[in-house]
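Novice: Following this line is model17.txt, made up of compact mmCIF, C-alpha atoms:
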# COMPACT_ATOMS: atom_id res chain seq x y z
CA MET I 205 5.81 14.39 15.36
CA LEU I 206 6.13 12.65 11.99
CA MET I 207 4.72 9.14 11.68
CA ILE I 208 6.86 6.86 9.49
CA LEU I 209 5.47 3.91 7.53
CA ASP I 210 8.43 1.95 6.18
CA TYR I 211 8.58 -1.84 6.45
CA PRO I 212 11.52 -2.79 8.69
CA GLY I 213 14.35 -4.95 7.43
CA ARG I 214 17.34 -4.82 5.14
CA ARG I 215 17.00 -3.50 1.59
CA PRO I 216 19.26 -1.66 -0.85
CA GLU I 217 17.11 1.49 -0.78
CA ALA I 218 17.63 4.15 1.89
CA PRO I 219 14.94 4.17 4.60
CA VAL I 220 12.60 7.07 5.18
CA THR I 221 14.55 7.91 8.34
CA ALA I 222 17.50 8.83 6.09
CA LEU I 223 15.75 12.20 5.70
CA GLY I 224 17.10 13.02 9.16
CA LEU I 225 14.09 15.06 10.29
CA ASP I 226 13.25 15.73 13.92
CA GLY I 227 10.40 13.87 15.59
CA MET I 228 10.28 10.80 13.31
CA VAL I 229 8.35 7.92 14.91
CA PRO I 230 8.31 4.52 13.12
CA LEU I 231 4.88 2.89 13.20
CA LEU I 232 5.92 -0.50 11.81
CA THR I 233 7.61 -2.09 14.81
CA ASP I 234 7.29 -5.49 16.48
CA PRO I 235 4.80 -6.94 16.91
CA LEU I 236 3.65 -6.06 13.41
CA PRO I 237 -0.06 -6.25 12.59
CA VAL I 238 -1.34 -9.41 10.95
CA GLU I 239 -4.37 -8.07 9.12
CA GLY I 240 -5.33 -8.80 5.53
CA THR I 241 -6.88 -5.48 4.51
CA GLY I 242 -5.58 -1.93 4.46
CA ALA I 243 -8.37 -0.59 6.68
CA ALA I 244 -7.87 -3.26 9.37
CA TYR I 245 -4.09 -2.88 9.21
CA ALA I 246 -4.30 0.89 9.64
CA ALA I 247 -6.66 0.51 12.60
CA ARG I 248 -3.87 -1.33 14.44
CA LEU I 249 -1.45 1.57 13.83
CA ASP I 250 -3.51 4.69 14.39
CA ALA I 251 -1.53 7.30 16.31
CA GLY I 252 -3.33 10.61 16.05
CA PRO I 253 -3.50 13.33 13.38
CA HIS I 254 0.23 13.78 12.78
CA PRO I 255 1.69 13.85 9.24
CA VAL I 256 2.59 10.46 7.77
CA LEU I 257 5.68 9.76 5.64
CA ALA I 258 5.48 6.45 3.77
CA TYR I 259 7.69 4.52 1.40
CA CYS I 260 6.56 2.53 -1.68
CA ALA I 261 3.71 0.10 -0.94
CA ALA I 262 3.31 1.48 2.59
CA SER I 263 1.76 4.51 0.88
CA ALA I 264 -1.47 2.52 0.64
CA ILE I 265 -1.52 1.97 4.39
CA ALA I 266 -0.78 5.68 4.89
CA VAL I 267 -3.92 6.53 2.89
CA HIS I 268 -6.03 4.18 5.00
CA LEU I 269 -4.49 5.71 8.12
CA ALA I 270 -5.35 9.22 6.94
CA ARG I 271 -8.95 8.16 6.27
CA ARG I 272 -9.31 7.39 9.96
CA SER I 273 -8.49 10.97 10.97
CA ALA I 274 -11.25 13.37 11.89
CA ARG I 275 -9.32 16.18 10.22
CA SER I 276 -7.07 16.60 7.20
CA ARG I 277 -3.80 14.69 7.58
CA PRO I 278 -0.75 15.53 5.42
CA LEU I 279 0.88 12.60 3.62
CA VAL I 280 4.35 12.39 2.08
CA LEU I 281 4.71 9.37 -0.19
CA PHE I 282 8.07 8.28 -1.59
CA ASP I 283 7.88 6.31 -4.87
CA PRO I 284 4.34 5.17 -4.04
CA MET I 285 3.00 2.06 -5.73
CA PRO I 286 0.56 -0.70 -4.78
CA ALA I 287 1.61 -4.19 -3.86
CA THR I 288 0.25 -6.86 -6.21
CA ASP I 289 -0.89 -10.46 -5.96
CA ASP I 290 2.36 -11.39 -7.70
CA ASP I 291 4.30 -9.67 -4.89
CA VAL I 292 2.40 -11.79 -2.36
CA ALA I 293 3.01 -14.97 -4.32
CA ARG I 294 6.75 -14.22 -4.65
CA ALA I 295 7.09 -13.48 -0.95
CA TYR I 296 5.32 -16.72 -0.07
CA ALA I 297 7.47 -18.71 -2.48
CA GLY I 298 10.56 -17.06 -1.01
CA ALA I 299 9.57 -18.14 2.48
CA VAL I 300 9.00 -21.74 1.34
CA ALA I 301 12.38 -21.74 -0.42
CA GLN I 302 14.11 -20.93 2.85
CA VAL I 303 13.08 -24.26 4.37
CA PRO I 304 15.61 -27.01 3.52
CA GLY I 305 13.97 -30.03 1.94
CA SER I 306 10.57 -28.35 1.88
CA CYS I 307 8.08 -30.26 -0.22
CA GLY I 308 4.41 -30.30 -1.04
CA PRO I 309 2.34 -27.63 -2.78
CA PRO I 310 1.92 -24.23 -1.13
CA VAL I 311 -1.46 -22.88 -0.09
CA PRO I 312 -3.39 -21.77 -3.21
CA ALA I 313 -3.36 -17.99 -3.65
CA GLY I 314 -6.45 -17.81 -5.88
CA GLU I 315 -8.75 -16.54 -3.12
CA LEU I 316 -6.57 -13.59 -2.07
CA PRO I 317 -9.09 -10.84 -2.87
CA ALA I 318 -12.01 -12.54 -1.16
CA GLU I 319 -10.49 -14.09 1.96
CA PRO I 320 -7.10 -12.60 2.92
CA GLU I 321 -7.47 -13.49 6.61
CA ARG I 322 -8.18 -17.13 5.81
CA PHE I 323 -5.21 -17.16 3.45
CA LEU I 324 -2.90 -15.78 6.15
CA GLY I 325 -4.06 -18.42 8.62
CA ALA I 326 -3.48 -21.21 6.12
CA VAL I 327 -0.04 -19.88 5.19
CA HIS I 328 0.95 -19.67 8.86
CA GLU I 329 0.04 -23.32 9.33
CA ASP I 330 1.85 -24.31 6.13
CA LEU I 331 5.09 -22.49 6.97
CA ALA I 332 5.09 -23.76 10.55
CA ARG I 333 4.58 -27.32 9.31
CA ARG I 334 7.45 -27.03 6.83
CA ALA I 335 9.83 -25.50 9.38
CA GLU I 336 8.94 -28.10 12.00
CA ALA I 337 9.51 -30.97 9.55
CA ALA I 338 12.88 -29.54 8.49
CA LEU I 339 14.09 -29.17 12.07
CA ARG I 340 12.88 -32.62 13.08
CA ALA I 341 14.76 -34.04 10.09
CA GLN I 342 17.90 -32.65 11.72
CA GLY I 343 17.15 -34.62 14.88
CA LEU I 344 15.81 -31.73 16.96
CA GLY I 345 12.89 -32.17 19.35
CA ASP I 346 10.00 -30.18 20.81
CA GLY I 347 11.89 -28.24 23.43
CA VAL I 348 14.29 -26.88 20.85
CA ILE I 349 12.17 -26.25 17.77
CA ASP I 350 9.08 -24.54 19.18
CA GLU I 351 10.45 -20.98 19.27
CA PRO I 352 12.35 -21.10 15.93
CA VAL I 353 9.25 -22.49 14.19
CA ALA I 354 7.00 -19.82 15.70
CA HIS I 355 9.48 -17.04 14.83
CA PHE I 356 9.89 -18.21 11.23
CA ALA I 357 6.15 -18.44 10.58
CA ARG I 358 5.39 -15.15 12.33
CA GLN I 359 8.12 -13.26 10.46
CA HIS I 360 6.95 -14.27 7.01
CA VAL I 361 3.22 -14.04 7.71
CA SER I 362 3.76 -10.50 9.02
CA TYR I 363 5.33 -9.49 5.71
CA LEU I 364 2.59 -11.19 3.70
CA ALA I 365 -0.03 -9.35 5.76
CA TYR I 366 1.73 -6.06 5.01
CA LEU I 367 1.68 -6.80 1.28
CA LEU I 368 -1.99 -7.79 1.39
CA ALA I 369 -2.85 -4.58 3.23
CA ALA I 370 -0.98 -2.53 0.61
CA ARG I 371 -2.46 -4.08 -2.51
CA GLY I 372 -5.26 -3.09 -4.82
CA ALA I 373 -7.29 0.05 -5.37
CA LEU I 374 -7.47 2.87 -2.83
CA PRO I 375 -10.49 4.89 -1.70
CA ARG I 376 -10.96 7.85 -4.00
CA GLU I 377 -12.17 10.49 -1.54
CA PRO I 378 -9.62 13.14 -0.49
CA VAL I 379 -7.73 12.54 2.76
CA GLY I 380 -5.73 15.76 2.96
CA PRO I 381 -2.75 17.34 1.20
CA VAL I 382 -0.44 14.77 -0.39
CA LEU I 383 3.15 15.17 -1.56
CA GLN I 384 4.34 12.50 -3.99
CA VAL I 385 8.15 12.38 -4.15
CA LEU I 386 9.38 10.37 -7.15
CA SER I 387 12.84 9.12 -8.00
CA ARG I 388 14.25 9.62 -11.47
CA ASP I 389 12.56 6.69 -13.25
CA HIS I 390 9.65 5.83 -10.97
CA PRO I 391 6.21 5.99 -12.63
CA ASP I 392 3.70 8.58 -11.51
CA HIS I 393 0.91 6.83 -9.57
CA ARG I 394 -1.43 9.81 -9.24
CA ASP I 395 -4.31 7.76 -10.74
CA TRP I 396 -3.95 5.24 -7.89
CA LEU I 397 -3.84 7.88 -5.14
CA PRO I 398 -6.96 9.55 -3.70
CA GLU I 399 -8.46 12.58 -5.35
CA GLY I 400 -7.82 15.98 -3.84
CA GLU I 401 -4.78 18.15 -3.28
CA LEU I 402 -1.70 16.44 -4.72
CA THR I 403 1.77 17.87 -5.27
CA THR I 404 4.24 15.79 -7.29
CA VAL I 405 7.99 16.42 -7.38
CA ARG I 406 10.65 14.40 -9.14
CA VAL I 407 14.13 14.15 -7.64
CA ASP I 408 17.19 13.55 -9.78
CA SER I 409 18.12 10.40 -7.87
CA ASP I 410 17.89 6.67 -8.34
CA ARG I 411 15.41 4.79 -6.20
CA ALA I 412 18.07 3.59 -3.77
CA GLY I 413 19.09 7.10 -2.79
CA LEU I 414 15.76 8.91 -2.93
CA THR I 415 15.07 9.46 0.77
CA ALA I 416 18.72 10.31 1.47
CA HIS I 417 18.81 12.98 -1.26
CA GLU I 418 19.06 16.58 -0.10
CA SER I 419 16.49 17.69 -2.68
CA ALA I 420 13.94 15.20 -1.32
CA ARG I 421 14.54 16.51 2.19
CA ALA I 422 14.08 20.10 1.03
CA HIS I 423 10.77 19.28 -0.72
CA VAL I 424 9.46 17.49 2.36
CA LEU I 425 10.41 20.33 4.70
CA SER I 426 8.77 22.89 2.40
CA PHE I 427 5.58 20.82 2.14
CA LEU I 428 5.33 20.25 5.90
CA ALA I 429 5.98 23.91 6.65
CA GLU I 430 3.27 25.01 4.21
CA THR I 431 0.66 22.55 5.47
CA THR I 432 1.42 23.51 9.07
CA ARG I 433 1.09 27.21 8.23
CA ARG I 434 -2.28 26.65 6.58
CA GLN I 435 -3.58 24.57 9.48
CA HIS I 436 -2.79 27.36 11.91
CA ALA I 437 -3.81 30.28 9.68
Take the structure I supplied and represent it as C-alpha cells, if you would.
Specialist:
Amino acid sequence: MLMILDYPGRRPEAPVTALGLDGMVPLLTDPLPVEGTGAAYAARLDAGPHPVLAYCAASAIAVHLARRSARSRPLVLFDPMPATDDDVARAYAGAVAQVPGSCGPPVPAGELPAEPERFLGAVHEDLARRAEAALRAQGLGDGVIDEPVAHFARQHVSYLAYLLAARGALPREPVGPVLQVLSRDHPDHRDWLPEGELTTVRVDSDRAGLTAHESARAHVLSFLAETTRRQHA
C-alpha cells in the first residue's frame, strides 16, 4: 500500500493520485484531524509502516508520520515546502470574507507558535458566530442554521489545523529514504527536510502538472522499487 497525504479539495494542481499507482490510500479524509502541531496531527493518521507520498505542505506531516514508525519509512515528497504563519492568516481571512456582512476584528494570530490549539478553538467560535449572525440576518432560525454553521466552521478550522501542523521547522534526525520530486521552478527545500538519505529529481513540468507527468511517475516507481529491494535484501 501507498499512503497519500494530499489535502482534499479543488485546486489547479494535479493531485498525487494522478500518478495512477496501485494501492494508493488517501489519509486525509473526513473527519480531518483538528490538531495544531505536526506530531499530534500525524498521531491521528498513523497507518503502519507503508511508504508515504505527500504533496507540498503535507510533506511536513509525512515527516512527522515517518518519525512514528519503528522502522525506516520511505517518503516521496512532491514540491515540498512548509506552510507559514502568513498562509494561516490568509486562510483565516479568506474564511471571514466568505461570510456576507461579516464585521468585527478576527482572532489575533500573534500567539500561533505558542498556543495553536487555543487559537483553533477561538477561530472556531469566531467563524461560527459570524456565520450564525449572517444567517439570522436573512431571517433564518435555529432549526435551519445549526448544521450550516457547524459545517462552515468545521471546514475552515480543519484547513487551518492542517496548515498549523505543516508549518515551521522539522525534526532533523533521519526518518528513512526520501525522494524529493521538484517541478521546473520549485525551490529545493533540502535544508528544511530531515538529515539522512535524500534523492532529489527535477521534472521538466510546471507545478500544476507535476504529479501527472510521466517522468515523475517513473522516478517514483524506481525509488519505491529500490527501497523495497533493499528492505528485503
Novice: For I:Ala274, work out the shell of residues within 10 Å, counting only C-alpha atoms and skipping chain neighbours fewer than 6 positions away, then give it as a VMD selection string.
Specialist: chain I and resid 252 to 253 379
Novice: Calculated over all atoms listed in the file, which of the candidates I:Leu232, I:Leu257, I:Ala297, I:Leu367 has the smallest distance to I:Thr415?
Specialist: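 Closest residue, counting all atoms listed in the file: I:Leu257.
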Novice: Tell me, as a list in words, which residues lie within 8 Å of I:Pro216, counting only C-alpha atoms; anything in the same chain fewer than 2 positions away does not count.
Specialist: Arg214, Ala218 and Ala412 of chain I
Novice: Find the residues near I:Leu368: any atom within 12 Å, counting only C-alpha atoms, skip ones fewer than 5 places away on the same chain, and give them as a CSV table (one decimal) with C-alpha atoms, keeping the file's coordinate frame.
Specialist:
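Saved result, selection-v3.csv, follows:
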chain,number,residue,atom,x,y,z
I,237,PRO,CA,-0.1,-6.2,12.6
I,238,VAL,CA,-1.3,-9.4,11.0
I,239,GLU,CA,-4.4,-8.1,9.1
I,240,GLY,CA,-5.3,-8.8,5.5
I,241,THR,CA,-6.9,-5.5,4.5
I,242,GLY,CA,-5.6,-1.9,4.5
I,243,ALA,CA,-8.4,-0.6,6.7
I,244,ALA,CA,-7.9,-3.3,9.4
I,245,TYR,CA,-4.1,-2.9,9.2
I,261,ALA,CA,3.7,0.1,-0.9
I,262,ALA,CA,3.3,1.5,2.6
I,264,ALA,CA,-1.5,2.5,0.6
I,265,ILE,CA,-1.5,2.0,4.4
I,286,PRO,CA,0.6,-0.7,-4.8
I,287,ALA,CA,1.6,-4.2,-3.9
I,288,THR,CA,0.2,-6.9,-6.2
I,289,ASP,CA,-0.9,-10.5,-6.0
I,290,ASP,CA,2.4,-11.4,-7.7
I,291,ASP,CA,4.3,-9.7,-4.9
I,292,VAL,CA,2.4,-11.8,-2.4
I,293,ALA,CA,3.0,-15.0,-4.3
I,295,ALA,CA,7.1,-13.5,-1.0
I,296,TYR,CA,5.3,-16.7,-0.1
I,313,ALA,CA,-3.4,-18.0,-3.6
I,315,GLU,CA,-8.8,-16.5,-3.1
I,316,LEU,CA,-6.6,-13.6,-2.1
I,317,PRO,CA,-9.1,-10.8,-2.9
I,318,ALA,CA,-12.0,-12.5,-1.2
I,319,GLU,CA,-10.5,-14.1,2.0
I,320,PRO,CA,-7.1,-12.6,2.9
I,321,GLU,CA,-7.5,-13.5,6.6
I,323,PHE,CA,-5.2,-17.2,3.4
I,324,LEU,CA,-2.9,-15.8,6.2
I,361,VAL,CA,3.2,-14.0,7.7
I,362,SER,CA,3.8,-10.5,9.0
I,363,TYR,CA,5.3,-9.5,5.7
I,373,ALA,CA,-7.3,0.0,-5.4
Novice: With 8 Å as the threshold, what does the neighbourhood of (0.5, -22.5, 0.5) contain in terms of residues, counting only C-alpha atoms? Coordinates are those of the file; answer as a ChimeraX atom specification.
Specialist: /I:296,309-313,326-327,330-331
Novice: Out of I:His254, I:Arg215, I:Leu344, I:Ile208, which residue has the shortest atom-to-atom distance to I:Met228 when counting all atoms listed in the file?
Specialist: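 Checking each of I:His254, I:Arg215, I:Leu344, I:Ile208 against I:Met228, counting all atoms listed in the file, the winner is I:Ile208.
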Novice: Go ahead and compute the interatomic distance for atom CA of I:Val220 and atom CA of I:Gln302, in Å to one decimal.
Specialist: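 Separating atom CA of I:Val220 from atom CA of I:Gln302 is a distance of 28.1 Å.
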Novice: Which residues come within 8 Å of I:Glu377, counting all atoms listed in the file, excluding same-chain residues fewer than 5 positions away, as a count of residues only?
Specialist: 3
Novice: So the first atom is atom CA of I:His268 and the second is atom CA of I:Asp392; what is the distance between them in Å, to one decimal place?
Specialist: 19.7 Å
Novice: Between I:Leu339, I:Val300, I:Leu386, I:Leu279, single out the one closest to I:Glu401, counting all atoms listed in the file.
Specialist: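 Closest residue, counting all atoms listed in the file: I:Leu279.
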Novice: Just to confirm, what's the straight-line distance from atom CA of I:Pro219 to atom CA of I:Arg248 in Å (one decimal)?
Specialist: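 One can read the atom CA of I:Pro219 to atom CA of I:Arg248 distance as 21.9 Å.
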Novice: From (2.1, 12.6, 1.7), in the file's coordinates, out to 8 Å: which residues are reached, counting only C-alpha atoms? Answer as a list of chain:residue names.
Specialist: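 The answer, in the requested form, is I:Pro255, I:Val256, I:Leu257, I:Ala258, I:Pro278, I:Leu279, I:Val280, I:Leu281, I:Pro381, I:Val382, I:Leu383, I:Gln384.
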Novice: Which of these residues is nearest to I:Arg388, using only C-alpha atoms: I:His360, I:Arg333, I:Arg376, I:His417?
Specialist: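 Checking each of I:His360, I:Arg333, I:Arg376, I:His417 against I:Arg388, counting only C-alpha atoms, the winner is I:His417.
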Novice: From the options I:His355, I:Arg340, I:His390, I:Arg271, which residue's atoms come nearest to I:Asp250, counting all atoms listed in the file?
Specialist: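 When distances to I:Asp250 are compared using all atoms listed in the file, the smallest one comes from I:Arg271.
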Novice: Please list as an mmCIF file with C-alpha atoms, in the frame of the given file every residue within 6 Å of I:Phe282, counting only C-alpha atoms and excluding residues in the same chain fewer than 3 positions away.
Specialist:
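In the end it all went to selection.cif:
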data_model
loop_
_atom_site.group_PDB
_atom_site.id
_atom_site.type_symbol
_atom_site.label_atom_id
_atom_site.label_comp_id
_atom_site.auth_asym_id
_atom_site.auth_seq_id
_atom_site.Cartn_x
_atom_site.Cartn_y
_atom_site.Cartn_z
ATOM 1 C CA TYR I 259 7.690 4.520 1.400
ATOM 2 C CA CYS I 260 6.560 2.530 -1.680
ATOM 3 C CA VAL I 385 8.150 12.380 -4.150
#
Novice: Pick out the closest residue to I:His328 from this set: I:Gly372, I:Phe356, I:Cys307, I:Gly345. Count only C-alpha atoms.
Specialist: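 Counting only C-alpha atoms, the residue closest to I:His328 is I:Phe356.
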